[in-house]
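So this one's data.pdb, PDB, C-alpha atoms and all ligand atoms:
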```
ATOM      1  CA  MET P 294      62.403 -95.889 -93.696  1.00  0.00           C
ATOM      2  CA  ASP P 295      66.184 -96.244 -93.115  1.00  0.00           C
ATOM      3  CA  SER P 296      67.596 -99.745 -92.588  1.00  0.00           C
ATOM      4  CA  PRO P 297      69.613-100.505 -89.386  1.00  0.00           C
ATOM      5  CA  GLU P 298      72.786-100.195 -91.514  1.00  0.00           C
ATOM      6  CA  SER P 299      71.830 -96.735 -92.771  1.00  0.00           C
ATOM      7  CA  PRO P 300      74.768 -94.261 -92.645  1.00  0.00           C
ATOM      8  CA  LEU P 301      72.359 -91.483 -91.557  1.00  0.00           C
ATOM      9  CA  ILE P 302      72.690 -90.386 -87.926  1.00  0.00           C
ATOM     10  CA  SER P 303      69.850 -91.618 -85.724  1.00  0.00           C
ATOM     11  CA  ARG P 304      67.626 -89.262 -83.741  1.00  0.00           C
ATOM     12  CA  ARG P 305      69.106 -90.613 -80.471  1.00  0.00           C
ATOM     13  CA  ASP P 306      72.685 -89.979 -81.659  1.00  0.00           C
ATOM     14  CA  ALA P 307      71.759 -86.472 -82.732  1.00  0.00           C
ATOM     15  CA  LEU P 308      70.410 -85.716 -79.254  1.00  0.00           C
ATOM     16  CA  ILE P 309      73.568 -87.037 -77.605  1.00  0.00           C
ATOM     17  CA  VAL P 310      75.801 -84.953 -79.901  1.00  0.00           C
ATOM     18  CA  GLY P 311      73.653 -81.847 -79.302  1.00  0.00           C
ATOM     19  CA  ALA P 312      73.741 -82.252 -75.522  1.00  0.00           C
ATOM     20  CA  ALA P 313      77.506 -82.730 -75.556  1.00  0.00           C
ATOM     21  CA  ALA P 314      77.984 -79.601 -77.663  1.00  0.00           C
ATOM     22  CA  ALA P 315      75.770 -77.553 -75.328  1.00  0.00           C
ATOM     23  CA  ALA P 316      77.693 -78.797 -72.298  1.00  0.00           C
ATOM     24  CA  ALA P 317      81.000 -77.879 -73.942  1.00  0.00           C
ATOM     25  CA  VAL P 318      79.784 -74.357 -74.710  1.00  0.00           C
ATOM     26  CA  SER P 319      78.383 -73.795 -71.224  1.00  0.00           C
ATOM     27  CA  SER P 320      81.528 -75.031 -69.502  1.00  0.00           C
ATOM     28  CA  SER P 321      83.865 -72.893 -71.612  1.00  0.00           C
ATOM     29  CA  ALA P 322      81.829 -69.670 -71.976  1.00  0.00           C
ATOM     30  CA  PRO P 323      81.926 -67.172 -69.062  1.00  0.00           C
ATOM     31  CA  VAL P 324      78.186 -66.732 -68.446  1.00  0.00           C
ATOM     32  CA  ALA P 325      78.528 -63.416 -66.619  1.00  0.00           C
ATOM     33  CA  ALA P 326      80.576 -61.844 -69.412  1.00  0.00           C
ATOM     34  CA  ALA P 327      77.683 -61.230 -71.806  1.00  0.00           C
ATOM     35  CA  PRO P 328      75.490 -59.021 -69.527  1.00  0.00           C
ATOM     36  CA  ALA P 329      78.543 -57.070 -68.333  1.00  0.00           C
ATOM     37  CA  ALA P 330      79.566 -56.333 -71.905  1.00  0.00           C
ATOM     38  CA  SER P 331      76.064 -55.246 -72.929  1.00  0.00           C
ATOM     39  CA  ALA P 332      75.658 -53.081 -69.807  1.00  0.00           C
ATOM     40  CA  ALA P 333      78.859 -51.223 -70.704  1.00  0.00           C
ATOM     41  CA  ALA P 334      77.473 -50.563 -74.170  1.00  0.00           C
ATOM     42  CA  VAL P 335      74.203 -48.945 -73.046  1.00  0.00           C
ATOM     43  CA  PRO P 336      73.810 -45.877 -75.240  1.00  0.00           C
ATOM     44  CA  LEU P 337      73.149 -42.727 -73.171  1.00  0.00           C
ATOM     45  CA  THR P 338      71.997 -39.452 -74.584  1.00  0.00           C
ATOM     46  CA  LYS P 339      71.302 -35.994 -73.202  1.00  0.00           C
ATOM     47  CA  LEU P 340      67.757 -34.735 -73.282  1.00  0.00           C
ATOM     48  CA  SER P 341      66.282 -31.355 -72.405  1.00  0.00           C
ATOM     49  CA  LEU P 342      62.598 -31.001 -71.592  1.00  0.00           C
ATOM     50  CA  LYS P 343      60.408 -28.354 -70.042  1.00  0.00           C
ATOM     51  CA  VAL P 344      58.407 -30.280 -67.468  1.00  0.00           C
ATOM     52  CA  ASN P 345      55.605 -28.458 -65.680  1.00  0.00           C
ATOM     53  CA  GLY P 346      57.239 -25.161 -66.598  1.00  0.00           C
ATOM     54  CA  GLN P 347      60.735 -26.107 -65.385  1.00  0.00           C
ATOM     55  CA  ASP P 348      63.754 -26.802 -67.573  1.00  0.00           C
ATOM     56  CA  ARG P 349      65.038 -30.323 -66.923  1.00  0.00           C
ATOM     57  CA  THR P 350      68.083 -32.034 -68.382  1.00  0.00           C
ATOM     58  CA  LEU P 351      68.490 -35.782 -68.292  1.00  0.00           C
ATOM     59  CA  GLU P 352      71.055 -38.312 -69.411  1.00  0.00           C
ATOM     60  CA  LEU P 353      69.099 -41.349 -70.448  1.00  0.00           C
ATOM     61  CA  ASP P 354      69.400 -44.756 -71.985  1.00  0.00           C
ATOM     62  CA  THR P 355      67.916 -44.050 -75.412  1.00  0.00           C
ATOM     63  CA  ARG P 356      65.385 -46.846 -74.846  1.00  0.00           C
ATOM     64  CA  THR P 357      63.777 -45.073 -71.856  1.00  0.00           C
ATOM     65  CA  THR P 358      60.104 -44.321 -72.318  1.00  0.00           C
ATOM     66  CA  LEU P 359      58.780 -40.887 -71.481  1.00  0.00           C
ATOM     67  CA  LEU P 360      56.801 -42.534 -68.676  1.00  0.00           C
ATOM     68  CA  ASP P 361      59.923 -44.005 -67.064  1.00  0.00           C
ATOM     69  CA  ALA P 362      61.820 -40.744 -67.549  1.00  0.00           C
ATOM     70  CA  LEU P 363      59.091 -38.910 -65.634  1.00  0.00           C
ATOM     71  CA  ARG P 364      58.587 -41.491 -62.907  1.00  0.00           C
ATOM     72  CA  GLU P 365      62.021 -43.036 -62.398  1.00  0.00           C
ATOM     73  CA  HIS P 366      64.331 -40.139 -63.309  1.00  0.00           C
ATOM     74  CA  LEU P 367      62.345 -37.018 -62.409  1.00  0.00           C
ATOM     75  CA  HIS P 368      60.389 -38.740 -59.596  1.00  0.00           C
ATOM     76  CA  LEU P 369      57.088 -37.336 -60.840  1.00  0.00           C
ATOM     77  CA  THR P 370      55.086 -40.353 -59.768  1.00  0.00           C
ATOM     78  CA  GLY P 371      51.688 -38.730 -60.268  1.00  0.00           C
ATOM     79  CA  THR P 372      51.696 -40.169 -63.789  1.00  0.00           C
ATOM     80  CA  LYS P 373      50.779 -43.825 -63.389  1.00  0.00           C
ATOM     81  CA  LYS P 374      51.948 -46.990 -65.087  1.00  0.00           C
ATOM     82  CA  GLY P 375      48.961 -49.240 -65.647  1.00  0.00           C
ATOM     83  CA  CYS P 376      49.423 -51.604 -68.577  1.00  0.00           C
ATOM     84  CA  ASP P 377      52.681 -50.176 -70.022  1.00  0.00           C
ATOM     85  CA  HIS P 378      51.253 -51.182 -73.412  1.00  0.00           C
ATOM     86  CA  GLY P 379      49.173 -48.201 -74.524  1.00  0.00           C
ATOM     87  CA  GLN P 380      45.897 -49.800 -73.540  1.00  0.00           C
ATOM     88  CA  CYS P 381      44.713 -48.123 -70.320  1.00  0.00           C
ATOM     89  CA  GLY P 382      45.539 -44.399 -70.509  1.00  0.00           C
ATOM     90  CA  ALA P 383      46.839 -44.242 -66.917  1.00  0.00           C
ATOM     91  CA  CYS P 384      50.085 -42.720 -68.225  1.00  0.00           C
ATOM     92  CA  THR P 385      48.431 -39.882 -70.191  1.00  0.00           C
ATOM     93  CA  VAL P 386      50.379 -36.618 -70.122  1.00  0.00           C
ATOM     94  CA  ILE P 387      50.200 -33.483 -72.239  1.00  0.00           C
ATOM     95  CA  VAL P 388      53.115 -32.892 -74.596  1.00  0.00           C
ATOM     96  CA  ASP P 389      53.076 -29.646 -76.581  1.00  0.00           C
ATOM     97  CA  ASP P 390      49.293 -29.327 -76.095  1.00  0.00           C
ATOM     98  CA  ARG P 391      48.511 -32.889 -77.186  1.00  0.00           C
ATOM     99  CA  ARG P 392      47.717 -35.799 -74.881  1.00  0.00           C
ATOM    100  CA  ILE P 393      49.826 -38.875 -75.370  1.00  0.00           C
ATOM    101  CA  ASN P 394      50.385 -42.206 -73.690  1.00  0.00           C
ATOM    102  CA  ALA P 395      53.781 -41.708 -72.088  1.00  0.00           C
ATOM    103  CA  CYS P 396      54.414 -45.466 -72.019  1.00  0.00           C
ATOM    104  CA  LEU P 397      54.283 -45.650 -75.810  1.00  0.00           C
ATOM    105  CA  THR P 398      56.863 -43.031 -76.656  1.00  0.00           C
ATOM    106  CA  LEU P 399      60.594 -42.771 -76.105  1.00  0.00           C
ATOM    107  CA  ALA P 400      61.737 -39.794 -74.077  1.00  0.00           C
ATOM    108  CA  VAL P 401      64.460 -38.921 -76.599  1.00  0.00           C
ATOM    109  CA  MET P 402      61.785 -38.308 -79.228  1.00  0.00           C
ATOM    110  CA  HIS P 403      60.720 -35.199 -77.313  1.00  0.00           C
ATOM    111  CA  GLU P 404      63.829 -33.037 -77.160  1.00  0.00           C
ATOM    112  CA  GLY P 405      62.781 -29.491 -76.238  1.00  0.00           C
ATOM    113  CA  ALA P 406      59.124 -30.427 -75.680  1.00  0.00           C
ATOM    114  CA  GLN P 407      56.831 -28.955 -73.053  1.00  0.00           C
ATOM    115  CA  VAL P 408      55.445 -31.725 -70.878  1.00  0.00           C
ATOM    116  CA  THR P 409      52.614 -31.260 -68.418  1.00  0.00           C
ATOM    117  CA  THR P 410      51.851 -33.929 -65.842  1.00  0.00           C
ATOM    118  CA  ILE P 411      49.201 -33.962 -63.149  1.00  0.00           C
ATOM    119  CA  GLU P 412      51.701 -32.272 -60.802  1.00  0.00           C
ATOM    120  CA  GLY P 413      51.809 -29.308 -63.192  1.00  0.00           C
ATOM    121  CA  LEU P 414      48.049 -28.781 -63.349  1.00  0.00           C
ATOM    122  CA  GLY P 415      47.330 -27.830 -59.776  1.00  0.00           C
ATOM    123  CA  THR P 416      48.126 -28.353 -56.129  1.00  0.00           C
ATOM    124  CA  PRO P 417      45.906 -29.506 -53.259  1.00  0.00           C
ATOM    125  CA  GLN P 418      45.617 -25.847 -52.272  1.00  0.00           C
ATOM    126  CA  ARG P 419      45.056 -24.503 -55.796  1.00  0.00           C
ATOM    127  CA  MET P 420      43.394 -27.239 -57.793  1.00  0.00           C
ATOM    128  CA  HIS P 421      42.826 -27.110 -61.536  1.00  0.00           C
ATOM    129  CA  PRO P 422      39.059 -26.740 -62.214  1.00  0.00           C
ATOM    130  CA  LEU P 423      38.961 -30.345 -63.461  1.00  0.00           C
ATOM    131  CA  GLN P 424      40.679 -31.622 -60.323  1.00  0.00           C
ATOM    132  CA  ALA P 425      38.134 -29.744 -58.201  1.00  0.00           C
ATOM    133  CA  ALA P 426      35.264 -31.103 -60.318  1.00  0.00           C
ATOM    134  CA  PHE P 427      36.534 -34.690 -59.980  1.00  0.00           C
ATOM    135  CA  VAL P 428      36.543 -34.237 -56.196  1.00  0.00           C
ATOM    136  CA  LYS P 429      33.091 -32.645 -56.209  1.00  0.00           C
ATOM    137  CA  HIS P 430      31.520 -35.314 -58.449  1.00  0.00           C
ATOM    138  CA  ASP P 431      33.320 -38.275 -56.893  1.00  0.00           C
ATOM    139  CA  GLY P 432      35.033 -38.993 -60.214  1.00  0.00           C
ATOM    140  CA  TYR P 433      37.317 -41.649 -58.742  1.00  0.00           C
ATOM    141  CA  GLN P 434      37.486 -44.486 -56.258  1.00  0.00           C
ATOM    142  CA  CYS P 435      41.006 -45.919 -55.985  1.00  0.00           C
ATOM    143  CA  GLY P 436      42.349 -42.917 -57.921  1.00  0.00           C
ATOM    144  CA  TYR P 437      44.905 -44.864 -59.943  1.00  0.00           C
ATOM    145  CA  CYS P 438      43.490 -43.831 -63.298  1.00  0.00           C
ATOM    146  CA  THR P 439      42.665 -40.288 -62.172  1.00  0.00           C
ATOM    147  CA  PRO P 440      45.855 -38.392 -63.170  1.00  0.00           C
ATOM    148  CA  GLY P 441      45.568 -39.812 -66.686  1.00  0.00           C
ATOM    149  CA  GLN P 442      41.823 -39.108 -66.799  1.00  0.00           C
ATOM    150  CA  ILE P 443      42.360 -35.481 -65.793  1.00  0.00           C
ATOM    151  CA  CYS P 444      45.235 -34.873 -68.231  1.00  0.00           C
ATOM    152  CA  SER P 445      43.093 -36.420 -70.952  1.00  0.00           C
ATOM    153  CA  ALA P 446      40.098 -34.288 -69.969  1.00  0.00           C
ATOM    154  CA  VAL P 447      42.222 -31.125 -70.184  1.00  0.00           C
ATOM    155  CA  ALA P 448      43.045 -32.036 -73.791  1.00  0.00           C
ATOM    156  CA  VAL P 449      39.416 -32.963 -74.542  1.00  0.00           C
ATOM    157  CA  LEU P 450      38.150 -29.569 -73.399  1.00  0.00           C
ATOM    158  CA  ASP P 451      40.791 -27.944 -75.571  1.00  0.00           C
ATOM    159  CA  GLU P 452      39.753 -30.081 -78.578  1.00  0.00           C
ATOM    160  CA  ILE P 453      36.098 -29.175 -78.110  1.00  0.00           C
ATOM    161  CA  GLN P 454      36.904 -25.488 -77.826  1.00  0.00           C
ATOM    162  CA  ARG P 455      38.908 -25.640 -81.039  1.00  0.00           C
ATOM    163  CA  GLY P 456      36.037 -27.443 -82.773  1.00  0.00           C
ATOM    164  CA  VAL P 457      37.936 -30.691 -83.408  1.00  0.00           C
ATOM    165  CA  PRO P 458      35.363 -33.376 -84.343  1.00  0.00           C
ATOM    166  CA  SER P 459      35.408 -36.873 -82.902  1.00  0.00           C
ATOM    167  CA  HIS P 460      34.309 -40.231 -84.262  1.00  0.00           C
ATOM    168  CA  VAL P 461      30.744 -39.616 -83.032  1.00  0.00           C
ATOM    169  CA  SER P 462      30.369 -35.971 -84.139  1.00  0.00           C
ATOM    170  CA  THR P 463      27.432 -35.770 -86.523  1.00  0.00           C
ATOM    171  CA  ASP P 464      28.546 -32.548 -88.209  1.00  0.00           C
ATOM    172  CA  LEU P 465      32.262 -32.324 -88.923  1.00  0.00           C
ATOM    173  CA  THR P 466      32.126 -28.593 -89.582  1.00  0.00           C
ATOM    174  CA  ALA P 467      30.070 -27.492 -86.551  1.00  0.00           C
ATOM    175  CA  ARG P 468      31.396 -27.047 -83.055  1.00  0.00           C
ATOM    176  CA  PRO P 469      31.069 -30.404 -81.239  1.00  0.00           C
ATOM    177  CA  LEU P 470      28.161 -30.760 -78.817  1.00  0.00           C
ATOM    178  CA  LEU P 471      28.945 -31.148 -75.160  1.00  0.00           C
ATOM    179  CA  SER P 472      27.025 -34.400 -74.968  1.00  0.00           C
ATOM    180  CA  ALA P 473      27.815 -37.380 -72.765  1.00  0.00           C
ATOM    181  CA  GLU P 474      28.278 -39.391 -75.970  1.00  0.00           C
ATOM    182  CA  GLU P 475      30.974 -36.961 -77.187  1.00  0.00           C
ATOM    183  CA  LEU P 476      32.769 -36.994 -73.860  1.00  0.00           C
ATOM    184  CA  ARG P 477      32.614 -40.778 -73.520  1.00  0.00           C
ATOM    185  CA  GLU P 478      34.023 -41.213 -77.021  1.00  0.00           C
ATOM    186  CA  ARG P 479      36.827 -38.726 -76.450  1.00  0.00           C
ATOM    187  CA  MET P 480      37.688 -40.244 -73.057  1.00  0.00           C
ATOM    188  CA  SER P 481      37.450 -43.836 -74.298  1.00  0.00           C
ATOM    189  CA  GLY P 482      41.221 -44.329 -74.180  1.00  0.00           C
ATOM    190  CA  ASN P 483      41.203 -43.880 -70.413  1.00  0.00           C
ATOM    191  CA  ILE P 484      40.083 -47.012 -68.619  1.00  0.00           C
ATOM    192  CA  CYS P 485      38.732 -46.859 -65.063  1.00  0.00           C
ATOM    193  CA  ARG P 486      38.686 -50.255 -63.433  1.00  0.00           C
ATOM    194  CA  CYS P 487      36.592 -48.838 -60.584  1.00  0.00           C
ATOM    195  CA  GLY P 488      33.920 -47.844 -63.112  1.00  0.00           C
ATOM    196  CA  ALA P 489      33.637 -44.186 -62.124  1.00  0.00           C
ATOM    197  CA  TYR P 490      32.722 -43.281 -65.697  1.00  0.00           C
ATOM    198  CA  SER P 491      29.392 -41.533 -65.132  1.00  0.00           C
ATOM    199  CA  ASN P 492      30.863 -39.317 -62.411  1.00  0.00           C
ATOM    200  CA  ILE P 493      33.876 -38.543 -64.605  1.00  0.00           C
ATOM    201  CA  VAL P 494      31.518 -37.415 -67.395  1.00  0.00           C
ATOM    202  CA  ASP P 495      29.601 -35.267 -64.885  1.00  0.00           C
ATOM    203  CA  ALA P 496      32.836 -33.616 -63.742  1.00  0.00           C
ATOM    204  CA  ILE P 497      34.015 -32.851 -67.271  1.00  0.00           C
ATOM    205  CA  THR P 498      30.560 -31.654 -68.304  1.00  0.00           C
ATOM    206  CA  GLU P 499      30.486 -29.164 -65.464  1.00  0.00           C
ATOM    207  CA  VAL P 500      33.868 -27.671 -66.352  1.00  0.00           C
ATOM    208  CA  ALA P 501      33.116 -27.679 -70.071  1.00  0.00           C
ATOM    209  CA  GLY P 502      29.761 -25.987 -69.442  1.00  0.00           C
ATOM    210  CA  SER P 503      31.381 -23.252 -67.411  1.00  0.00           C
ATOM    211  CA  ARG P 504      33.673 -22.455 -70.345  1.00  0.00           C
ATOM    212  CA  THR P 505      31.020 -22.086 -73.041  1.00  0.00           C
TER
HETATM  213 FE1  LIG V 601      50.386 -46.348 -70.737  1.00  0.00          FE
HETATM  214 FE2  LIG V 601      48.530 -48.071 -69.843  1.00  0.00          FE
HETATM  215  S1  LIG V 601      50.370 -47.411 -68.873  1.00  0.00           S
HETATM  216  S2  LIG V 601      48.478 -46.827 -71.636  1.00  0.00           S
HETATM  217 FE1  LIG V 602      40.140 -46.723 -59.660  1.00  0.00          FE
HETATM  218 FE2  LIG V 602      39.654 -45.369 -61.902  1.00  0.00          FE
HETATM  219  S1  LIG V 602      39.299 -44.733 -59.858  1.00  0.00           S
HETATM  220  S2  LIG V 602      40.732 -47.212 -61.691  1.00  0.00           S
END
```
Take the structure in this file and express it as structure tokens.
Amino acid sequence: MDSPESPLISRRDALIVGAAAAAAVSSSAPVAAAPAASAAAVPLTKLSLKVNGQDRTLELDTRTTLLDALREHLHLTGTKKGCDHGQCGACTVIVDDRRINACLTLAVMHEGAQVTTIEGLGTPQRMHPLQAAFVKHDGYQCGYCTPGQICSAVAVLDEIQRGVPSHVSTDLTARPLLSAEELRERMSGNICRCGAYSNIVDAITEVAGSRT
């Protein structure tokens, strides 16, 4: 332990010096200058997408997710933001025939892509068969997860038709069975907090059955 005459700075002195230095910095530095400078430096880039069959051009901060581009810039609010962390599937959209979580991908990564959201699948007057089946089988309660569920189900039916196996397929070379187990596995990335799962499986099963 240091003696009282030790030349080393004491802990108390160090705190006093540190506080004085912090006060000097805060009194001399213009606090508002930093955000203003960084806002001016936001990198924007042009992006062209085909969204629900229409050509759209955007000028975006390169850090914008596809989800925010759709909701905040194109005002297609059918696609929902649930967790914003790739965990709930509420933001599922179809990009070039594959379903993806729009919250997990930057919009600028999809230059020239074809994006389909729930608005592009059907209208209240002319519903997509899966939309009609969800209504018929009561496949939702609050409906927040439903656009993502339906976009995901569109991709699942396509996967099954193309013979793409899943984690629970017993034969990787045969066409997947239309079992509840298959559908539950393939839809497992779409969480429904209302617990409408069995009705969702019924709705998808009906549409899948009508296509075989
Ligand atoms: Fe994208 Fe939850 S909002 S996965
Ligand atoms: Fe409410 Fe699925 S219907 S979260």
Expand the PyMOL selection byres (((not hetatm)) within 9 of (chain V and resi 602)) into the explicit residue set it covers here, and present it as a PyMOL selection string. chain P and resi 383+432-439+442+483-490
Could you write out as a ChimeraX atom specification the residues that the PyMOL selection byres (((chain P and resi 431) around 10) and not hetatm) matches in the shown file? /P:425-430,432-434,489,491-493,495-496
Counting all atoms listed in the file, what is within 12 Å of Val408 of chain P, bar same-chain residues fewer than 3 positions away, as JSON, numbers by chain? {"P": [341, 342, 343, 344, 345, 346, 347, 348, 349, 359, 360, 362, 363, 369, 372, 385, 386, 387, 388, 389, 390, 391, 392, 393, 394, 395, 400, 403, 404, 405, 411, 412, 413, 414, 444]}
Could you write out that same residue set with C-alpha atoms as a PDB file, keeping the file's coordinate frame?
```
ATOM      1  CA  SER P 341      66.282 -31.355 -72.405  1.00  0.00           C
ATOM      2  CA  LEU P 342      62.598 -31.001 -71.592  1.00  0.00           C
ATOM      3  CA  LYS P 343      60.408 -28.354 -70.042  1.00  0.00           C
ATOM      4  CA  VAL P 344      58.407 -30.280 -67.468  1.00  0.00           C
ATOM      5  CA  ASN P 345      55.605 -28.458 -65.680  1.00  0.00           C
ATOM      6  CA  GLY P 346      57.239 -25.161 -66.598  1.00  0.00           C
ATOM      7  CA  GLN P 347      60.735 -26.107 -65.385  1.00  0.00           C
ATOM      8  CA  ASP P 348      63.754 -26.802 -67.573  1.00  0.00           C
ATOM      9  CA  ARG P 349      65.038 -30.323 -66.923  1.00  0.00           C
ATOM     10  CA  LEU P 359      58.780 -40.887 -71.481  1.00  0.00           C
ATOM     11  CA  LEU P 360      56.801 -42.534 -68.676  1.00  0.00           C
ATOM     12  CA  ALA P 362      61.820 -40.744 -67.549  1.00  0.00           C
ATOM     13  CA  LEU P 363      59.091 -38.910 -65.634  1.00  0.00           C
ATOM     14  CA  LEU P 369      57.088 -37.336 -60.840  1.00  0.00           C
ATOM     15  CA  THR P 372      51.696 -40.169 -63.789  1.00  0.00           C
ATOM     16  CA  THR P 385      48.431 -39.882 -70.191  1.00  0.00           C
ATOM     17  CA  VAL P 386      50.379 -36.618 -70.122  1.00  0.00           C
ATOM     18  CA  ILE P 387      50.200 -33.483 -72.239  1.00  0.00           C
ATOM     19  CA  VAL P 388      53.115 -32.892 -74.596  1.00  0.00           C
ATOM     20  CA  ASP P 389      53.076 -29.646 -76.581  1.00  0.00           C
ATOM     21  CA  ASP P 390      49.293 -29.327 -76.095  1.00  0.00           C
ATOM     22  CA  ARG P 391      48.511 -32.889 -77.186  1.00  0.00           C
ATOM     23  CA  ARG P 392      47.717 -35.799 -74.881  1.00  0.00           C
ATOM     24  CA  ILE P 393      49.826 -38.875 -75.370  1.00  0.00           C
ATOM     25  CA  ASN P 394      50.385 -42.206 -73.690  1.00  0.00           C
ATOM     26  CA  ALA P 395      53.781 -41.708 -72.088  1.00  0.00           C
ATOM     27  CA  ALA P 400      61.737 -39.794 -74.077  1.00  0.00           C
ATOM     28  CA  HIS P 403      60.720 -35.199 -77.313  1.00  0.00           C
ATOM     29  CA  GLU P 404      63.829 -33.037 -77.160  1.00  0.00           C
ATOM     30  CA  GLY P 405      62.781 -29.491 -76.238  1.00  0.00           C
ATOM     31  CA  ILE P 411      49.201 -33.962 -63.149  1.00  0.00           C
ATOM     32  CA  GLU P 412      51.701 -32.272 -60.802  1.00  0.00           C
ATOM     33  CA  GLY P 413      51.809 -29.308 -63.192  1.00  0.00           C
ATOM     34  CA  LEU P 414      48.049 -28.781 -63.349  1.00  0.00           C
ATOM     35  CA  CYS P 444      45.235 -34.873 -68.231  1.00  0.00           C
TER      36      CYS P 444
END
```
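Taking all atoms listed in the file into account, the protein and nucleic acid residues that come at most 6 Å from ligand LIG 601 (chain V) are Lys374, Gly375, Cys376, Asp377, His378, Gly379, Gln380, Cys381, Gly382, Ala383, Cys384, Asn394, Ala395 and Cys396 of chain P.
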Using all atoms listed in the file, determine which residues lie at most 9 Å from Met480 of chain P, disregarding the query and same-chain residues fewer than 6 positions distant; provide the list as a list in words. Gln442, Ser445, Ala446, Val449 and Val494 of chain P
How would segment 407-419 of chain P look with N, CA, C and O atoms restored, written as a PDB file, in the frame of the given file?
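That gives us rebuild.pdb:
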```pdb
ATOM      1  N   GLN P 407      57.443 -29.392 -74.311  1.00  0.00           N
ATOM      2  CA  GLN P 407      56.831 -28.955 -73.053  1.00  0.00           C
ATOM      3  C   GLN P 407      55.933 -30.080 -72.582  1.00  0.00           C
ATOM      4  O   GLN P 407      55.008 -30.476 -73.281  1.00  0.00           O
ATOM      5  N   VAL P 408      56.206 -30.596 -71.412  1.00  0.00           N
ATOM      6  CA  VAL P 408      55.445 -31.725 -70.878  1.00  0.00           C
ATOM      7  C   VAL P 408      54.688 -31.263 -69.634  1.00  0.00           C
ATOM      8  O   VAL P 408      55.264 -30.627 -68.755  1.00  0.00           O
ATOM      9  N   THR P 409      53.404 -31.575 -69.615  1.00  0.00           N
ATOM     10  CA  THR P 409      52.614 -31.260 -68.418  1.00  0.00           C
ATOM     11  C   THR P 409      52.079 -32.555 -67.827  1.00  0.00           C
ATOM     12  O   THR P 409      51.438 -33.350 -68.521  1.00  0.00           O
ATOM     13  N   THR P 410      52.370 -32.762 -66.556  1.00  0.00           N
ATOM     14  CA  THR P 410      51.851 -33.929 -65.842  1.00  0.00           C
ATOM     15  C   THR P 410      50.823 -33.438 -64.831  1.00  0.00           C
ATOM     16  O   THR P 410      50.617 -32.226 -64.672  1.00  0.00           O
ATOM     17  N   ILE P 411      50.219 -34.355 -64.127  1.00  0.00           N
ATOM     18  CA  ILE P 411      49.201 -33.962 -63.149  1.00  0.00           C
ATOM     19  C   ILE P 411      49.784 -33.002 -62.109  1.00  0.00           C
ATOM     20  O   ILE P 411      49.089 -32.108 -61.614  1.00  0.00           O
ATOM     21  N   GLU P 412      51.083 -33.152 -61.798  1.00  0.00           N
ATOM     22  CA  GLU P 412      51.701 -32.272 -60.802  1.00  0.00           C
ATOM     23  C   GLU P 412      51.740 -30.824 -61.288  1.00  0.00           C
ATOM     24  O   GLU P 412      51.828 -29.896 -60.477  1.00  0.00           O
ATOM     25  N   GLY P 413      51.708 -30.653 -62.633  1.00  0.00           N
ATOM     26  CA  GLY P 413      51.809 -29.308 -63.192  1.00  0.00           C
ATOM     27  C   GLY P 413      50.460 -28.641 -63.368  1.00  0.00           C
ATOM     28  O   GLY P 413      50.384 -27.475 -63.743  1.00  0.00           O
ATOM     29  N   LEU P 414      49.375 -29.368 -63.131  1.00  0.00           N
ATOM     30  CA  LEU P 414      48.049 -28.781 -63.349  1.00  0.00           C
ATOM     31  C   LEU P 414      47.557 -28.009 -62.129  1.00  0.00           C
ATOM     32  O   LEU P 414      46.913 -26.977 -62.252  1.00  0.00           O
ATOM     33  N   GLY P 415      47.809 -28.517 -60.966  1.00  0.00           N
ATOM     34  CA  GLY P 415      47.330 -27.830 -59.776  1.00  0.00           C
ATOM     35  C   GLY P 415      47.928 -28.447 -58.534  1.00  0.00           C
ATOM     36  O   GLY P 415      48.663 -29.436 -58.603  1.00  0.00           O
ATOM     37  N   THR P 416      47.638 -27.847 -57.415  1.00  0.00           N
ATOM     38  CA  THR P 416      48.126 -28.353 -56.129  1.00  0.00           C
ATOM     39  C   THR P 416      46.905 -28.597 -55.251  1.00  0.00           C
ATOM     40  O   THR P 416      45.809 -28.111 -55.561  1.00  0.00           O
ATOM     41  N   PRO P 417      47.060 -29.311 -54.147  1.00  0.00           N
ATOM     42  CA  PRO P 417      45.906 -29.506 -53.259  1.00  0.00           C
ATOM     43  C   PRO P 417      45.301 -28.177 -52.810  1.00  0.00           C
ATOM     44  O   PRO P 417      44.088 -28.070 -52.598  1.00  0.00           O
ATOM     45  N   GLN P 418      46.138 -27.157 -52.704  1.00  0.00           N
ATOM     46  CA  GLN P 418      45.617 -25.847 -52.272  1.00  0.00           C
ATOM     47  C   GLN P 418      44.987 -25.077 -53.433  1.00  0.00           C
ATOM     48  O   GLN P 418      44.010 -24.349 -53.250  1.00  0.00           O
ATOM     49  N   ARG P 419      45.555 -25.236 -54.615  1.00  0.00           N
ATOM     50  CA  ARG P 419      45.056 -24.503 -55.796  1.00  0.00           C
ATOM     51  C   ARG P 419      44.808 -25.508 -56.912  1.00  0.00           C
ATOM     52  O   ARG P 419      45.622 -25.658 -57.817  1.00  0.00           O
TER      53      ARG P 419
END
```
